[in-house]
file work-v8.tsv (TSV, C-alpha atoms)
chain	number	residue	atom	x	y	z
A	14	LEU	CA	0.87	6.62	-9.56
A	15	ASP	CA	4.44	7.57	-10.36
A	16	VAL	CA	6.66	8.27	-7.37
A	17	PRO	CA	9.71	10.37	-8.24
A	18	VAL	CA	12.99	9.11	-6.81
A	19	ASP	CA	15.27	11.64	-8.48
A	20	ARG	CA	17.56	14.19	-6.82
A	21	ARG	CA	14.96	16.94	-6.39
A	22	PRO	CA	14.41	18.11	-2.82
A	23	LEU	CA	12.02	15.86	-0.91
A	24	ARG	CA	9.38	18.59	-0.55
A	25	ASP	CA	9.30	18.99	-4.35
A	26	ARG	CA	8.93	15.23	-4.85
A	27	VAL	CA	6.16	15.00	-2.23
A	28	ALA	CA	4.39	17.92	-3.93
A	29	ALA	CA	4.70	16.13	-7.30
A	30	VAL	CA	3.14	12.97	-5.85
A	31	HIS	CA	0.35	15.04	-4.31
A	32	ARG	CA	-0.38	16.78	-7.64
A	33	SER	CA	-0.35	13.46	-9.48
A	34	ALA	CA	-2.71	11.89	-6.93
A	35	GLU	CA	-5.06	14.88	-7.15
A	36	ARG	CA	-5.15	14.65	-10.97
A	37	ARG	CA	-5.77	10.92	-10.81
A	38	GLY	CA	-8.53	11.40	-8.25
A	39	THR	CA	-10.40	13.80	-10.52
A	40	SER	CA	-9.73	11.99	-13.79
A	41	GLY	CA	-12.66	9.60	-13.55
A	42	ARG	CA	-10.38	6.55	-13.42
A	43	ALA	CA	-11.27	5.87	-9.78
A	44	ALA	CA	-15.00	5.97	-10.56
A	45	ALA	CA	-14.51	3.73	-13.59
A	46	SER	CA	-12.47	1.15	-11.68
A	47	THR	CA	-15.01	1.19	-8.84
A	48	ALA	CA	-17.78	0.53	-11.36
A	49	VAL	CA	-15.84	-2.39	-12.85
A	50	LEU	CA	-15.22	-3.87	-9.40
A	51	ARG	CA	-18.91	-3.55	-8.52
A	52	LEU	CA	-19.85	-5.24	-11.79
A	53	ILE	CA	-17.41	-8.09	-11.16
A	54	GLY	CA	-18.74	-8.41	-7.60
A	55	ALA	CA	-22.31	-8.75	-8.91
A	56	LEU	CA	-21.42	-11.78	-11.04
A	57	PRO	CA	-22.38	-15.29	-9.89
A	58	PRO	CA	-19.54	-16.79	-7.77
A	59	PRO	CA	-17.95	-18.96	-10.50
A	60	LEU	CA	-17.85	-16.04	-12.97
A	61	HIS	CA	-16.74	-13.65	-10.23
A	62	ALA	CA	-13.78	-15.90	-9.39
A	63	ARG	CA	-12.80	-16.25	-13.04
A	64	ALA	CA	-13.02	-12.49	-13.69
A	65	ALA	CA	-11.09	-11.61	-10.53
A	66	ARG	CA	-8.29	-14.04	-11.41
A	67	ALA	CA	-8.10	-12.63	-14.94
A	68	VAL	CA	-7.59	-9.07	-13.67
A	69	TYR	CA	-5.65	-9.72	-10.47
A	70	ARG	CA	-2.37	-11.10	-11.84
A	71	SER	CA	1.14	-10.11	-12.80
A	72	ARG	CA	0.32	-9.36	-16.43
A	73	PHE	CA	-1.11	-6.02	-15.29
A	74	PHE	CA	1.21	-5.05	-12.42
A	75	GLY	CA	4.36	-6.00	-10.53
A	76	ALA	CA	3.28	-5.02	-7.01
A	77	ILE	CA	0.09	-4.23	-5.14
A	78	VAL	CA	-0.01	-1.09	-3.02
A	79	SER	CA	-3.17	0.08	-1.32
A	80	ASN	CA	-3.66	3.13	0.86
A	81	MET	CA	-6.92	2.82	2.76
A	82	PRO	CA	-8.44	5.63	4.79
A	83	GLY	CA	-9.57	4.57	8.22
A	84	PRO	CA	-11.35	6.28	11.10
A	85	ASP	CA	-9.62	9.13	12.93
A	86	VAL	CA	-10.92	7.90	16.27
A	87	PRO	CA	-10.12	4.92	18.49
A	88	MET	CA	-12.25	1.87	17.80
A	89	SER	CA	-13.38	-1.04	19.95
A	90	LEU	CA	-14.71	-4.51	19.41
A	91	ALA	CA	-17.24	-5.84	21.92
A	92	GLY	CA	-16.22	-3.01	24.25
A	93	VAL	CA	-12.51	-3.82	24.09
A	94	PRO	CA	-10.31	-1.07	22.60
A	95	LEU	CA	-8.40	-2.11	19.47
A	96	GLY	CA	-4.70	-1.53	20.01
A	97	ASP	CA	-3.34	-1.97	16.51
A	98	VAL	CA	-4.39	-2.72	12.96
A	99	HIS	CA	-2.62	-4.66	10.22
A	100	PRO	CA	-3.70	-3.88	6.63
A	101	ILE	CA	-2.49	-7.20	5.21
A	102	LEU	CA	-3.01	-7.66	1.48
A	103	PRO	CA	-2.94	-11.02	-0.28
A	104	LEU	CA	-0.50	-11.63	-3.10
A	105	ALA	CA	-1.81	-12.09	-6.62
A	106	ASP	CA	-0.60	-14.86	-8.88
A	107	GLY	CA	2.97	-14.02	-9.94
A	108	VAL	CA	3.01	-10.72	-8.00
A	109	PRO	CA	5.69	-10.97	-5.31
A	110	LEU	CA	4.97	-7.83	-3.28
A	111	ALA	CA	1.94	-6.23	-1.62
A	112	VAL	CA	2.00	-3.20	0.67
A	113	GLY	CA	-1.09	-2.14	2.59
A	114	ALA	CA	-1.30	1.23	4.35
A	115	LEU	CA	-4.14	2.26	6.65
A	116	GLY	CA	-4.49	5.64	8.32
A	117	TRP	CA	-6.19	5.01	11.65
A	118	ASN	CA	-6.55	7.00	14.87
A	119	GLY	CA	-3.81	9.48	13.95
A	120	ALA	CA	-1.27	6.88	12.84
A	121	LEU	CA	-0.26	5.20	9.62
A	122	HIS	CA	-0.19	1.41	9.81
A	123	VAL	CA	1.70	-0.44	7.08
A	124	ALA	CA	1.89	-4.15	6.35
A	125	VAL	CA	4.15	-5.81	3.78
A	126	THR	CA	3.44	-9.19	2.23
A	127	ALA	CA	6.17	-10.64	0.04
A	128	ASP	CA	7.02	-13.93	-1.59
A	129	PRO	CA	10.72	-14.53	-0.88
A	130	HIS	CA	10.86	-17.27	-3.52
A	131	VAL	CA	10.05	-14.75	-6.25
A	132	LEU	CA	11.55	-11.69	-4.56
A	133	PRO	CA	14.69	-12.77	-2.67
A	134	GLU	CA	15.33	-9.22	-1.42
A	135	ALA	CA	11.98	-9.27	0.41
A	136	ASP	CA	13.57	-9.97	3.79
A	137	GLY	CA	15.06	-6.48	4.07
A	138	PHE	CA	12.15	-4.61	2.52
A	139	ALA	CA	10.19	-3.92	5.74
A	140	ASP	CA	13.29	-2.58	7.51
A	141	ALA	CA	14.15	-0.41	4.50
A	142	LEU	CA	10.58	0.90	4.44
A	143	VAL	CA	10.81	1.87	8.13
A	144	ARG	CA	14.13	3.65	7.47
A	145	ALA	CA	12.64	5.47	4.45
A	146	PHE	CA	9.66	6.67	6.51
A	147	GLY	CA	12.09	7.87	9.18
A	148	GLU	CA	14.10	9.81	6.60
A	149	LEU	CA	10.95	11.31	5.10
A	150	THR	CA	9.64	12.30	8.52
A	151	GLY	CA	12.98	13.81	9.50
A	152	GLU	CA	13.37	15.79	6.30
A	153	LEU	CA	9.79	17.04	6.24
A	154	THR	CA	9.71	18.01	9.92
A	155	GLY	CA	13.32	19.15	10.20
A	156	GLU	CA	14.05	16.60	12.93
A	157	SER	CA	17.26	14.74	12.26
A	158	GLY	CA	17.15	11.05	12.97
A	159	ALA	CA	13.35	11.03	13.24
A	160	ARG	CA	12.07	7.49	13.26
A	161	PRO	CA	8.47	6.43	13.08
A	162	GLU	CA	7.24	3.88	15.59
A	163	ALA	CA	7.59	0.55	13.88
A	164	SER	CA	7.89	-3.07	14.66
A	165	PRO	CA	8.34	-4.95	11.41
A	166	SER	CA	7.17	-8.52	11.67
A	167	ARG	CA	7.97	-11.24	9.20
A	168	THR	CA	5.54	-13.71	7.73
A	169	THR	CA	6.16	-15.97	4.78
A	170	PRO	CA	3.29	-16.86	2.46
A	171	THR	CA	2.59	-20.57	2.23
call {"tool": "encode", "arguments": {"input": "work-v8.tsv", "output": "structure tokens"}}
result
Amino acid sequence: LDVPVDRRPLRDRVAAVHRSAERRGTSGRAAASTAVLRLIGALPPPLHARAARAVYRSRFFGAIVSNMPGPDVPMSLAGVPLGDVHPILPLADGVPLAVGALGWNGALHVAVTADPHVLPEADGFADALVRAFGELTGELTGESGARPEASPSRTTPT
């Protein structure tokens, strides 16, 4: 999905992303990729692993970004309310950046996984992402200096 970063007003760029996502959602590509994933998942474990590694690598993409819909209600585990969620995505071979987003209980939760050996600028990425969300929120709502709740944490893949 192309994300415009040109000088158009933010509302126009957000509308362009929305239109692009709508077109992609009705193009049949999502159904086709789901079918391929199901087929790969049905393979015996050794073949499944080989097929997954063949597809899930840097030859096909430079970053992994996944937006996952979650429930719009609070959840609990064994009767204990869940306070936060972390949509952490693993890195693929040679892919230095993964961003997971999960809408849950009225909030957007984002997790960033980066390999600082391949992507030296990774250290500042989470902070820059928080600032960008704050700018987007402020411009779209008309609130200057709006800042989403965020507490970037840092983990380094081993």
call {"tool": "closest_residue", "arguments": {"input": "work-v8.tsv", "among": "A:Glu35, A:Glu134, A:Pro109, A:Val123", "to": "Phe146 of chain A", "atoms": "only C-alpha atoms"}}
result
A:Val123
call {"tool": "closest_residue", "arguments": {"input": "work-v8.tsv", "among": "A:Leu115, A:Leu104, A:Arg63, A:Ala141", "to": "Pro129 of chain A", "atoms": "all atoms listed in the file"}}
result
A:Leu104
call {"tool": "atom_distance", "arguments": {"input": "work-v8.tsv", "atom1": "atom CA of Gly155 of chain A", "atom2": "atom CA of Arg36 of chain A"}}
result
28.5 Å
call {"tool": "atom_distance", "arguments": {"input": "work-v8.tsv", "atom1": "atom CA of Pro22 of chain A", "atom2": "atom CA of Gly151 of chain A"}}
result
13.1 Å
call {"tool": "closest_residue", "arguments": {"input": "work-v8.tsv", "among": "A:Asp15, A:Glu156, A:Asp97, A:Asp25", "to": "Ala120 of chain A", "atoms": "all atoms listed in the file"}}
result
A:Asp97
call {"tool": "residues_around", "arguments": {"input": "work-v8.tsv", "residues": "Ala114 of chain A", "least_positions_apart": "2", "cutoff": "12 Å", "atoms": "only C-alpha atoms", "output": "list in words"}}
result
Ile77, Val78, Ser79, Asn80, Met81, Pro82, Gly83, Val98, His99, Pro100, Ile101, Leu102, Ala111, Val112, Gly116, Trp117, Ala120, Leu121, His122, Val123, Ala124, Val125, Thr126 and Leu142 of chain A
call {"tool": "atom_distance", "arguments": {"input": "work-v8.tsv", "atom1": "atom CA of Ala28 of chain A", "atom2": "atom CA of Gly113 of chain A"}}
result
21.8 Å
